[in-house]
Structure formats: C-alpha cells, structure tokens
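Asker: Got coords_39.txt for you, compact mmCIF, C-alpha atoms:
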```
# COMPACT_ATOMS: atom_id res chain seq x y z
CA MET C 23 0.00 0.00 0.00
CA PRO C 24 1.49 3.41 -0.95
CA ILE C 25 2.50 5.59 1.96
CA GLN C 26 1.60 9.24 2.45
CA LEU C 27 4.12 11.67 3.89
CA THR C 28 3.82 14.77 6.04
CA PRO C 29 6.16 17.62 5.04
CA THR C 30 8.56 18.98 7.64
CA PRO C 31 7.98 22.51 8.99
CA THR C 32 9.40 25.30 6.87
CA PHE C 33 11.87 27.95 7.96
CA ALA C 34 8.92 30.34 8.22
CA ASP C 35 7.17 27.88 10.53
CA ARG C 36 10.25 27.64 12.72
CA LEU C 37 10.60 31.39 12.93
CA ARG C 38 6.95 31.83 13.88
CA ALA C 39 7.22 29.20 16.61
CA ALA C 40 10.52 30.46 18.06
CA ASP C 41 10.61 32.11 21.47
CA ARG C 42 14.26 33.11 21.11
CA THR C 43 16.78 34.10 18.48
CA LEU C 44 17.66 31.16 16.22
CA TYR C 45 21.30 30.44 15.45
CA GLY C 46 22.83 28.69 12.48
CA MET C 47 25.89 28.13 10.34
CA TRP C 48 26.85 27.86 6.70
CA SER C 49 27.61 24.61 4.90
CA CYS C 50 30.09 25.67 2.21
CA ALA C 51 32.39 22.68 1.70
CA GLY C 52 29.93 20.88 -0.55
CA SER C 53 30.22 17.73 1.56
CA PRO C 54 27.11 15.83 2.70
CA LEU C 55 29.15 14.37 5.55
CA VAL C 56 30.17 17.81 6.78
CA ALA C 57 26.61 19.09 6.37
CA GLU C 58 25.41 16.18 8.51
CA ILE C 59 27.97 16.99 11.20
CA CYS C 60 26.77 20.59 11.21
CA ALA C 61 23.13 19.49 11.38
CA GLY C 62 23.83 17.41 14.46
CA SER C 63 25.60 20.22 16.29
CA GLY C 64 22.55 21.55 18.11
CA LEU C 65 22.33 24.72 16.02
CA ASP C 66 18.94 25.63 14.58
CA ILE C 67 19.83 26.28 10.93
CA VAL C 68 22.17 24.81 8.33
CA LEU C 69 22.51 27.16 5.38
CA ILE C 70 23.63 25.28 2.26
CA ASP C 71 25.40 27.79 0.05
CA GLY C 72 24.93 27.56 -3.70
CA GLU C 73 26.32 31.03 -4.44
CA HIS C 74 29.91 31.16 -3.19
CA SER C 75 30.57 27.44 -2.77
CA PRO C 76 31.62 24.70 -5.22
CA VAL C 77 28.25 22.97 -5.25
CA GLY C 78 25.73 21.97 -7.89
CA LEU C 79 22.29 20.41 -7.81
CA GLU C 80 23.56 16.91 -7.00
CA SER C 81 25.61 18.19 -4.06
CA ILE C 82 22.71 20.25 -2.71
CA LEU C 83 20.44 17.21 -2.99
CA ALA C 84 22.93 15.03 -1.11
CA GLN C 85 23.32 17.65 1.62
CA LEU C 86 19.55 17.97 2.02
CA GLN C 87 19.29 14.20 2.36
CA ALA C 88 22.07 14.18 4.97
CA VAL C 89 20.51 17.00 7.01
CA ALA C 90 16.97 15.60 6.84
CA ALA C 91 17.47 13.24 9.79
CA TYR C 92 18.20 16.11 12.18
CA PRO C 93 16.13 18.88 13.80
CA ALA C 94 18.15 21.69 12.17
CA VAL C 95 16.22 23.41 9.39
CA PRO C 96 18.03 23.49 6.00
CA LEU C 97 18.05 26.77 4.08
CA VAL C 98 19.42 26.68 0.52
CA ARG C 99 20.95 29.77 -1.08
CA ALA C 100 20.51 29.94 -4.83
CA PRO C 101 23.39 31.36 -6.89
CA ILE C 102 21.01 33.94 -8.38
CA GLY C 103 17.32 34.76 -8.32
CA ASP C 104 16.54 32.99 -11.57
CA PRO C 105 13.13 31.24 -11.84
CA VAL C 106 14.64 28.23 -13.63
CA ILE C 107 17.27 27.69 -10.94
CA LEU C 108 14.71 28.21 -8.19
CA LYS C 109 12.43 25.65 -9.87
CA GLN C 110 15.25 23.12 -9.87
CA LEU C 111 16.05 23.74 -6.20
CA LEU C 112 12.40 23.38 -5.24
CA ASP C 113 11.96 20.21 -7.26
CA LEU C 114 14.97 18.52 -5.67
CA GLY C 115 13.35 19.11 -2.29
CA ALA C 116 14.60 22.44 -1.00
CA GLN C 117 11.67 23.71 1.06
CA ASN C 118 13.48 26.85 2.18
CA VAL C 119 15.12 29.01 -0.44
CA LEU C 120 17.35 32.06 0.02
CA VAL C 121 17.75 34.47 -2.89
CA PRO C 122 20.80 36.78 -2.84
CA MET C 123 21.06 40.40 -3.97
CA VAL C 124 17.41 41.46 -3.81
CA ASP C 125 17.36 45.23 -4.29
CA GLY C 126 13.68 46.16 -4.40
CA ALA C 127 10.09 45.14 -3.82
CA GLU C 128 9.43 44.36 -7.50
CA GLN C 129 12.33 41.90 -7.58
CA ALA C 130 11.09 40.34 -4.32
CA GLU C 131 7.63 39.92 -5.84
CA GLU C 132 9.18 38.13 -8.84
CA MET C 133 10.90 35.72 -6.47
CA VAL C 134 7.61 35.03 -4.69
CA ARG C 135 6.00 34.16 -8.03
CA ALA C 136 8.93 31.91 -8.93
CA LEU C 137 8.18 29.77 -5.86
CA ARG C 138 4.45 29.39 -6.56
CA TYR C 139 2.50 27.40 -9.13
CA PRO C 140 -0.04 29.14 -11.39
CA PRO C 141 -2.27 31.00 -10.91
CA LEU C 142 -0.29 32.33 -7.91
CA GLY C 143 3.03 32.29 -9.74
CA VAL C 144 5.12 30.89 -12.55
CA ARG C 145 6.75 27.76 -11.10
CA GLY C 146 6.87 24.98 -13.66
CA VAL C 147 4.83 21.89 -12.82
CA GLY C 148 6.88 18.71 -12.54
CA SER C 149 6.33 17.60 -8.97
CA ALA C 150 5.26 14.07 -9.90
CA LEU C 151 8.83 13.53 -11.13
CA ALA C 152 10.48 15.27 -8.20
CA ARG C 153 11.59 14.85 -4.62
CA SER C 154 9.66 18.02 -3.67
CA SER C 155 6.38 16.08 -3.55
CA ARG C 156 8.23 12.89 -2.62
CA TRP C 157 7.03 11.61 -5.98
CA SER C 158 3.38 12.40 -5.23
CA ARG C 159 3.51 10.86 -1.75
CA ILE C 160 2.66 14.21 -0.12
CA PRO C 161 -1.14 14.51 -0.43
CA ASP C 162 -2.44 17.47 -2.47
CA TYR C 163 1.07 18.76 -3.03
CA LEU C 164 0.21 20.96 -6.00
CA ALA C 165 -2.58 22.76 -4.16
CA ARG C 166 -0.54 23.15 -0.98
CA ALA C 167 2.93 23.74 -2.38
CA HIS C 168 3.00 27.48 -1.64
CA GLU C 169 2.39 26.65 2.03
CA LEU C 170 5.14 24.02 2.13
CA VAL C 171 8.01 26.28 1.03
CA SER C 172 9.52 29.48 2.39
CA LEU C 173 11.27 32.41 0.74
CA THR C 174 14.07 34.38 2.36
CA VAL C 175 15.54 37.29 0.42
CA GLN C 176 18.94 38.79 1.02
CA ILE C 177 19.52 42.54 1.40
CA GLU C 178 23.18 43.29 0.76
CA THR C 179 23.42 46.50 -1.28
CA ALA C 180 22.79 50.20 -0.74
CA GLU C 181 19.77 49.87 -3.06
CA GLY C 182 18.35 47.02 -1.02
CA LEU C 183 18.97 48.97 2.17
CA ALA C 184 16.98 51.93 0.84
CA ALA C 185 14.13 49.61 -0.14
CA ALA C 186 14.19 47.49 3.03
CA ALA C 187 10.76 48.56 4.28
CA ASP C 188 9.16 47.89 0.89
CA ILE C 189 10.87 44.49 0.56
CA ALA C 190 9.79 43.50 4.06
CA ALA C 191 6.19 44.36 3.23
CA VAL C 192 5.99 42.05 0.18
CA ASP C 193 3.43 39.29 0.70
CA GLY C 194 5.22 35.97 0.35
CA VAL C 195 8.59 37.14 1.65
CA ASP C 196 8.90 35.03 4.78
CA ALA C 197 12.21 36.38 6.05
CA ILE C 198 15.11 38.67 5.21
CA LEU C 199 18.81 37.98 5.60
CA VAL C 200 21.23 40.90 5.73
CA GLY C 201 24.65 40.26 4.21
CA PRO C 202 27.08 42.67 5.90
CA ALA C 203 30.05 41.78 3.68
CA ASP C 204 28.45 42.83 0.39
CA LEU C 205 26.56 45.61 2.12
CA ALA C 206 29.83 47.04 3.44
CA ALA C 207 31.30 46.87 -0.06
CA SER C 208 28.25 48.58 -1.54
CA LEU C 209 28.59 51.37 1.04
CA GLY C 210 32.24 51.92 0.11
CA LEU C 211 33.54 50.04 3.17
CA LEU C 212 34.92 46.85 1.62
CA GLY C 213 36.02 44.35 4.26
CA GLN C 214 34.66 46.45 7.14
CA GLN C 215 31.58 44.51 8.20
CA ASN C 216 31.86 45.88 11.75
CA HIS C 217 32.17 49.52 10.70
CA PRO C 218 29.65 51.64 12.65
CA ASP C 219 27.86 52.65 9.45
CA VAL C 220 27.43 49.02 8.40
CA VAL C 221 26.22 47.96 11.84
CA ALA C 222 23.77 50.88 11.86
CA ALA C 223 22.52 49.85 8.41
CA VAL C 224 21.95 46.26 9.55
CA GLU C 225 20.00 47.49 12.56
CA ASP C 226 17.92 49.74 10.25
CA VAL C 227 16.89 46.65 8.27
CA ILE C 228 16.05 44.78 11.48
CA ARG C 229 13.78 47.64 12.52
CA ALA C 230 12.14 47.78 9.09
CA GLY C 231 11.46 44.05 9.20
CA ARG C 232 10.03 44.17 12.69
CA ALA C 233 7.73 47.03 11.68
CA ALA C 234 6.42 44.92 8.80
CA GLY C 235 6.21 41.72 10.82
CA THR C 236 8.92 40.07 8.71
CA PRO C 237 11.76 38.29 10.56
CA VAL C 238 15.24 39.59 9.78
CA GLY C 239 18.47 37.65 10.23
CA VAL C 240 22.09 38.56 9.72
CA ASN C 241 25.46 36.98 9.07
CA ALA C 242 27.81 37.69 12.00
CA PHE C 243 30.81 35.47 12.68
CA ASP C 244 32.14 37.82 15.37
CA PRO C 245 30.46 36.74 18.64
CA ALA C 246 30.15 40.25 20.07
CA THR C 247 28.53 41.52 16.88
CA ALA C 248 26.22 38.51 16.74
CA GLU C 249 25.10 39.19 20.30
CA ARG C 250 24.52 42.87 19.48
CA TYR C 251 22.29 41.99 16.52
CA ALA C 252 20.35 39.46 18.58
CA ALA C 253 19.78 42.13 21.23
CA ALA C 254 18.65 44.52 18.48
CA GLY C 255 15.90 42.11 17.47
CA ALA C 256 17.43 39.82 14.86
CA ALA C 257 15.20 36.76 14.55
CA TYR C 258 18.16 34.57 13.58
CA VAL C 259 21.93 34.93 13.32
CA LEU C 260 24.40 32.87 11.28
CA VAL C 261 27.45 32.63 13.50
CA GLY C 262 29.94 30.52 11.54
CA SER C 263 30.67 28.20 8.66
CA ASP C 264 32.18 24.80 8.18
CA VAL C 265 35.12 26.08 6.14
CA THR C 266 36.04 28.94 8.47
CA LEU C 267 35.85 26.70 11.51
CA LEU C 268 38.17 24.20 9.82
CA ALA C 269 40.54 26.92 8.65
CA ARG C 270 40.85 28.61 12.04
CA ALA C 271 41.02 25.36 14.02
CA SER C 272 43.72 23.89 11.76
CA GLU C 273 45.69 27.14 12.04
CA GLY C 274 45.34 26.84 15.80
CA LEU C 275 46.83 23.36 15.68
CA ALA C 276 49.75 24.62 13.60
CA THR C 277 50.37 27.48 16.02
CA ARG C 278 50.11 25.19 19.04
CA PHE C 279 52.45 22.46 17.80
CA ILE C 280 54.72 24.24 15.32
CA GLY C 281 54.65 27.84 16.47
CA ASP C 282 55.30 30.89 14.37
CA ASP C 283 58.52 29.64 12.74
CA PRO C 284 57.87 29.53 8.97
CA ALA C 285 60.92 27.27 8.55
CA ALA C 286 59.54 24.61 10.87
CA PRO C 287 59.08 21.24 9.12
CA THR C 288 55.58 20.09 8.33
CA PRO C 289 54.75 16.61 9.65
CA ALA C 290 54.42 14.10 6.83
CA SER C 291 51.60 12.23 8.54
CA TYR C 292 49.59 12.01 11.71
```
Would you write out, as structure tokens, the structure that this file holds?

Answerer:
Amino acid sequence: MPIQLTPTPTFADRLRAADRTLYGMWSCAGSPLVAEICAGSGLDIVLIDGEHSPVGLESILAQLQAVAAYPAVPLVRAPIGDPVILKQLLDLGAQNVLVPMVDGAEQAEEMVRALRYPPLGVRGVGSALARSSRWSRIPDYLARAHELVSLTVQIETAEGLAAAADIAAVDGVDAILVGPADLAASLGLLGQQNHPDVVAAVEDVIRAGRAAGTPVGVNAFDPATAERYAAAGAAYVLVGSDVTLLARASEGLATRFIGDDPAAPTPASY
C-alpha cells in the first residue's frame, strides 16, 4: 500500500514558533558528511550555500538528504534569483530558499511568483517527477505547495537597504537575511563589516522588518557583533561556517604544535 508523507515545517514555521533568536551556520564545503555533522551540532539552521561554494544540484540534494534526519532546518541559497534555478532547487526538495542580492520590492515579488504554481506564480509543474512532492507521496502537493516552502531574500546593497521597508512588506517574503560583507562593499567600506555605518545599516533593516512583521536575520561570525544583533531584534543569526571553523582550528593546531617559525618542518603524517 502506498505511503503518504507529512512535510517537515518550513523555515517560516520555525521562525513563527521560536521564542528566542535562532542560530545557524553555513555549509560551504559541498560535503554531505560535513553538512550532517553541522546538522547534528545543536544549532537551529544549516545554510547550504549555492552562491559562493563549489556545489551543484547533486551536491545540494545530497546535503539535504544528509541533514533531513536532524532537527536543524536546512536553508538553501541559490546562486542567483533565476526562476529556472529556483524551480530546480524546489523540485529537488529544498523547502526553504534564500535568494541573494534582492534590491527592491518588485524583484522580491518576482521571487515570490517563482516559488508558486499558477495562478499564484510561474513555477513549472513537474512535482510528480520530483523529490519536492516525494514523488506524489505528499497529499495534495500541487494545491498546498506554496504553504510548504519558504522564501528568504537577502539585502546586501545600498539599493536594497533603501528599499528594506518595501521588501519586508511584500506578501510571500517570509524572512530577510542581511549580508554585511556585500553591504559594506556597496557602502564603500569593503572588508569592514563591523564599521559603525554598516552595523547601523543592519539594525535599520532589522527595525524595518520588525515594523512589517517580517523576521530579519544577519550573518555575524564575530560573537560580540552577533550578540549585538540578537539584542537589536534579529530573529536569527548565522554565526559561523564549516570552512572557516576548519581553517581557524587547523591554524590553531599549527600554532600550538609548530609555532610561528615559517621554517619549521611540516609533519608528513599524523
């Protein structure tokens, strides 16, 4: 007898149910094993990065499958807000999609339509062939699909900052993520994510989101900055990534056992 499946809660569901700031990390290595380790850490969110990481559809699929056994909610960042790419991500089972570089309400509305089937949007219909509906094992998937996915849009430019209130008010935008690195660059402060003007801009977006009832999160690997944004009302904060943790921890091992001598020999094995 065929089974029927119940979809897992979306990122929007988790945000609505939360009674505290949610915390998460990036999965950038492209490894399902590493993504699974991150998912079992106790953090709330694993953000699978398809923009700045060496991953494709097969890798994203494998990471989603690895994370699925854990309570952490997976959020998948598309490389660009293209309806075809978003359709592929949705069909392979990404319930929670993050679109980078959203600069205005009209663009946000286009992304909402890309995640919805007609007549609500323009998403192509192929769910019977796809993991999104678990191959038609989720009852009434086509009619309910817009309720089973979430859209997060990323504000990371001066244009997006100016339009933050309008973006936050778009029906169908479930959350906003502020990207301080690109935002700093757009404001003429490349590499200065903790500059007072950048911090003030992030807090402006948090206030705009709260006024519209739209949760706002932010990327903040510096603990003090992360705590400041949480205190300012950020609904979620991304506080690290797999690759940066590995880079800094391995450097710490080198410093601890080899020291600062660049001529010190490198062990051939462990």

Asker: Using only C-alpha atoms, which of C:Ala190, C:Ala185, C:Ala39, C:Leu275 sits nearest Gly126 in chain C?

Answerer: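 Smallest distance to Gly126 in chain C is found for C:Ala185.
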
Asker: Please identify all polymer residues within 7 Å of range 110-123 of chain C, counting only C-alpha atoms, omitting same-chain residues fewer than 5 positions from it, and present them as a PyMOL selection string.

Answerer: chain C and resi 32-33+83+96-100+102-103+149+152-154+170-178

Asker: Give me the residues near range 248-262 of chain C as a list of chain:residue names, where near means some atom within 6 Å (using only C-alpha atoms) and where sequence neighbours in that chain fewer than 3 positions away do not count.

Answerer: C:Thr43, C:Leu44, C:Tyr45, C:Gly46, C:Met47, C:Pro237, C:Val238, C:Gly239, C:Val240, C:Asn241, C:Ala242, C:Phe243, C:Pro245

Asker: Would you put the residues from that selection into a file with C-alpha atoms, as a PDB file, in the frame of the given file?

Answerer:
```
ATOM      1  CA  THR C  43      16.780  34.100  18.480  1.00  0.00           C
ATOM      2  CA  LEU C  44      17.660  31.160  16.220  1.00  0.00           C
ATOM      3  CA  TYR C  45      21.300  30.440  15.450  1.00  0.00           C
ATOM      4  CA  GLY C  46      22.830  28.690  12.480  1.00  0.00           C
ATOM      5  CA  MET C  47      25.890  28.130  10.340  1.00  0.00           C
ATOM      6  CA  PRO C 237      11.760  38.290  10.560  1.00  0.00           C
ATOM      7  CA  VAL C 238      15.240  39.590   9.780  1.00  0.00           C
ATOM      8  CA  GLY C 239      18.470  37.650  10.230  1.00  0.00           C
ATOM      9  CA  VAL C 240      22.090  38.560   9.720  1.00  0.00           C
ATOM     10  CA  ASN C 241      25.460  36.980   9.070  1.00  0.00           C
ATOM     11  CA  ALA C 242      27.810  37.690  12.000  1.00  0.00           C
ATOM     12  CA  PHE C 243      30.810  35.470  12.680  1.00  0.00           C
ATOM     13  CA  PRO C 245      30.460  36.740  18.640  1.00  0.00           C
TER      14      PRO C 245
END
```

Asker: What is the CA of Glu273 in chain C to CA of Trp48 in chain C distance in Å?

Answerer: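 For CA of Glu273 in chain C relative to CA of Trp48 in chain C, the distance reads 19.6 Å.
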
Asker: Hey, can I get the axis-aligned box for range 130-146 of chain C? All listed atoms, 4 Å padding on each side, centre and edge lengths in Å to one decimal, as JSON.

Answerer:
```
{"center_x": 4.4, "center_y": 32.7, "center_z": -9.0, "size_x": 21.4, "size_y": 23.4, "size_z": 17.3}
```

Asker: Could you pull the residues within 9 Å of Ala61 in chain C, counting only C-alpha atoms, minus those fewer than 3 positions along the same chain, as a PDB file with C-alpha atoms, keeping the file's coordinate frame?

Answerer:
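Written output follows (part_29.pdb):
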```pdb
ATOM      1  CA  VAL C  56      30.170  17.810   6.780  1.00  0.00           C
ATOM      2  CA  ALA C  57      26.610  19.090   6.370  1.00  0.00           C
ATOM      3  CA  GLU C  58      25.410  16.180   8.510  1.00  0.00           C
ATOM      4  CA  GLY C  64      22.550  21.550  18.110  1.00  0.00           C
ATOM      5  CA  LEU C  65      22.330  24.720  16.020  1.00  0.00           C
ATOM      6  CA  ASP C  66      18.940  25.630  14.580  1.00  0.00           C
ATOM      7  CA  ILE C  67      19.830  26.280  10.930  1.00  0.00           C
ATOM      8  CA  VAL C  68      22.170  24.810   8.330  1.00  0.00           C
ATOM      9  CA  ALA C  88      22.070  14.180   4.970  1.00  0.00           C
ATOM     10  CA  VAL C  89      20.510  17.000   7.010  1.00  0.00           C
ATOM     11  CA  ALA C  90      16.970  15.600   6.840  1.00  0.00           C
ATOM     12  CA  ALA C  91      17.470  13.240   9.790  1.00  0.00           C
ATOM     13  CA  TYR C  92      18.200  16.110  12.180  1.00  0.00           C
ATOM     14  CA  PRO C  93      16.130  18.880  13.800  1.00  0.00           C
ATOM     15  CA  ALA C  94      18.150  21.690  12.170  1.00  0.00           C
ATOM     16  CA  VAL C  95      16.220  23.410   9.390  1.00  0.00           C
ATOM     17  CA  PRO C  96      18.030  23.490   6.000  1.00  0.00           C
TER      18      PRO C  96
END
```

Asker: Skipping near chain neighbours, those fewer than 3 positions away, what residues fall within 12 Å of Asp188 in chain C using only C-alpha atoms, listed as a PDB file with C-alpha atoms, in the frame of the given file?

Answerer:
```pdb
ATOM      1  CA  VAL C 124      17.410  41.460  -3.810  1.00  0.00           C
ATOM      2  CA  ASP C 125      17.360  45.230  -4.290  1.00  0.00           C
ATOM      3  CA  GLY C 126      13.680  46.160  -4.400  1.00  0.00           C
ATOM      4  CA  ALA C 127      10.090  45.140  -3.820  1.00  0.00           C
ATOM      5  CA  GLU C 128       9.430  44.360  -7.500  1.00  0.00           C
ATOM      6  CA  GLN C 129      12.330  41.900  -7.580  1.00  0.00           C
ATOM      7  CA  ALA C 130      11.090  40.340  -4.320  1.00  0.00           C
ATOM      8  CA  GLU C 131       7.630  39.920  -5.840  1.00  0.00           C
ATOM      9  CA  ILE C 177      19.520  42.540   1.400  1.00  0.00           C
ATOM     10  CA  GLU C 181      19.770  49.870  -3.060  1.00  0.00           C
ATOM     11  CA  GLY C 182      18.350  47.020  -1.020  1.00  0.00           C
ATOM     12  CA  LEU C 183      18.970  48.970   2.170  1.00  0.00           C
ATOM     13  CA  ALA C 184      16.980  51.930   0.840  1.00  0.00           C
ATOM     14  CA  ALA C 185      14.130  49.610  -0.140  1.00  0.00           C
ATOM     15  CA  ALA C 191       6.190  44.360   3.230  1.00  0.00           C
ATOM     16  CA  VAL C 192       5.990  42.050   0.180  1.00  0.00           C
ATOM     17  CA  ASP C 193       3.430  39.290   0.700  1.00  0.00           C
ATOM     18  CA  VAL C 195       8.590  37.140   1.650  1.00  0.00           C
ATOM     19  CA  ILE C 198      15.110  38.670   5.210  1.00  0.00           C
ATOM     20  CA  VAL C 227      16.890  46.650   8.270  1.00  0.00           C
ATOM     21  CA  ALA C 230      12.140  47.780   9.090  1.00  0.00           C
ATOM     22  CA  GLY C 231      11.460  44.050   9.200  1.00  0.00           C
ATOM     23  CA  ALA C 233       7.730  47.030  11.680  1.00  0.00           C
ATOM     24  CA  ALA C 234       6.420  44.920   8.800  1.00  0.00           C
ATOM     25  CA  THR C 236       8.920  40.070   8.710  1.00  0.00           C
TER      26      THR C 236
END
```

Asker: For CA of Gly201 in chain C and CA of Asp244 in chain C, quote the distance in Å rounded to one decimal.

Answerer: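 Separation between CA of Gly201 in chain C and CA of Asp244 in chain C: 13.7 Å.
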
Asker: Could you please determine the separation between CA of Leu37 in chain C and CA of Asp196 in chain C in Å, to one decimal place?

Answerer: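 If I compute the distance from CA of Leu37 in chain C to CA of Asp196 in chain C, I get 9.1 Å.
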
Asker: Using only C-alpha atoms, which residue out of C:Leu27, C:Ile107, C:Val77, C:Ala180 lies closest to Gly146 in chain C?

Answerer: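 Going through C:Leu27, C:Ile107, C:Val77, C:Ala180 one by one, the smallest distance to Gly146 in chain C is for C:Ile107.
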
Asker: Taking into account only C-alpha atoms, which residue in the set C:Ala187, C:Ala269, C:Arg159, C:Leu205 is nearest to Arg229 in chain C?

Answerer: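 Going through C:Ala187, C:Ala269, C:Arg159, C:Leu205 one by one, the smallest distance to Arg229 in chain C is for C:Ala187.
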
Asker: Tell me which of C:Pro29, C:Pro24, C:Ala197, C:Lys109 sits closest to Ser155 in chain C, counting only C-alpha atoms.

Answerer: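 Residue with the minimum atom-to-atom distance to Ser155 in chain C: C:Pro29.
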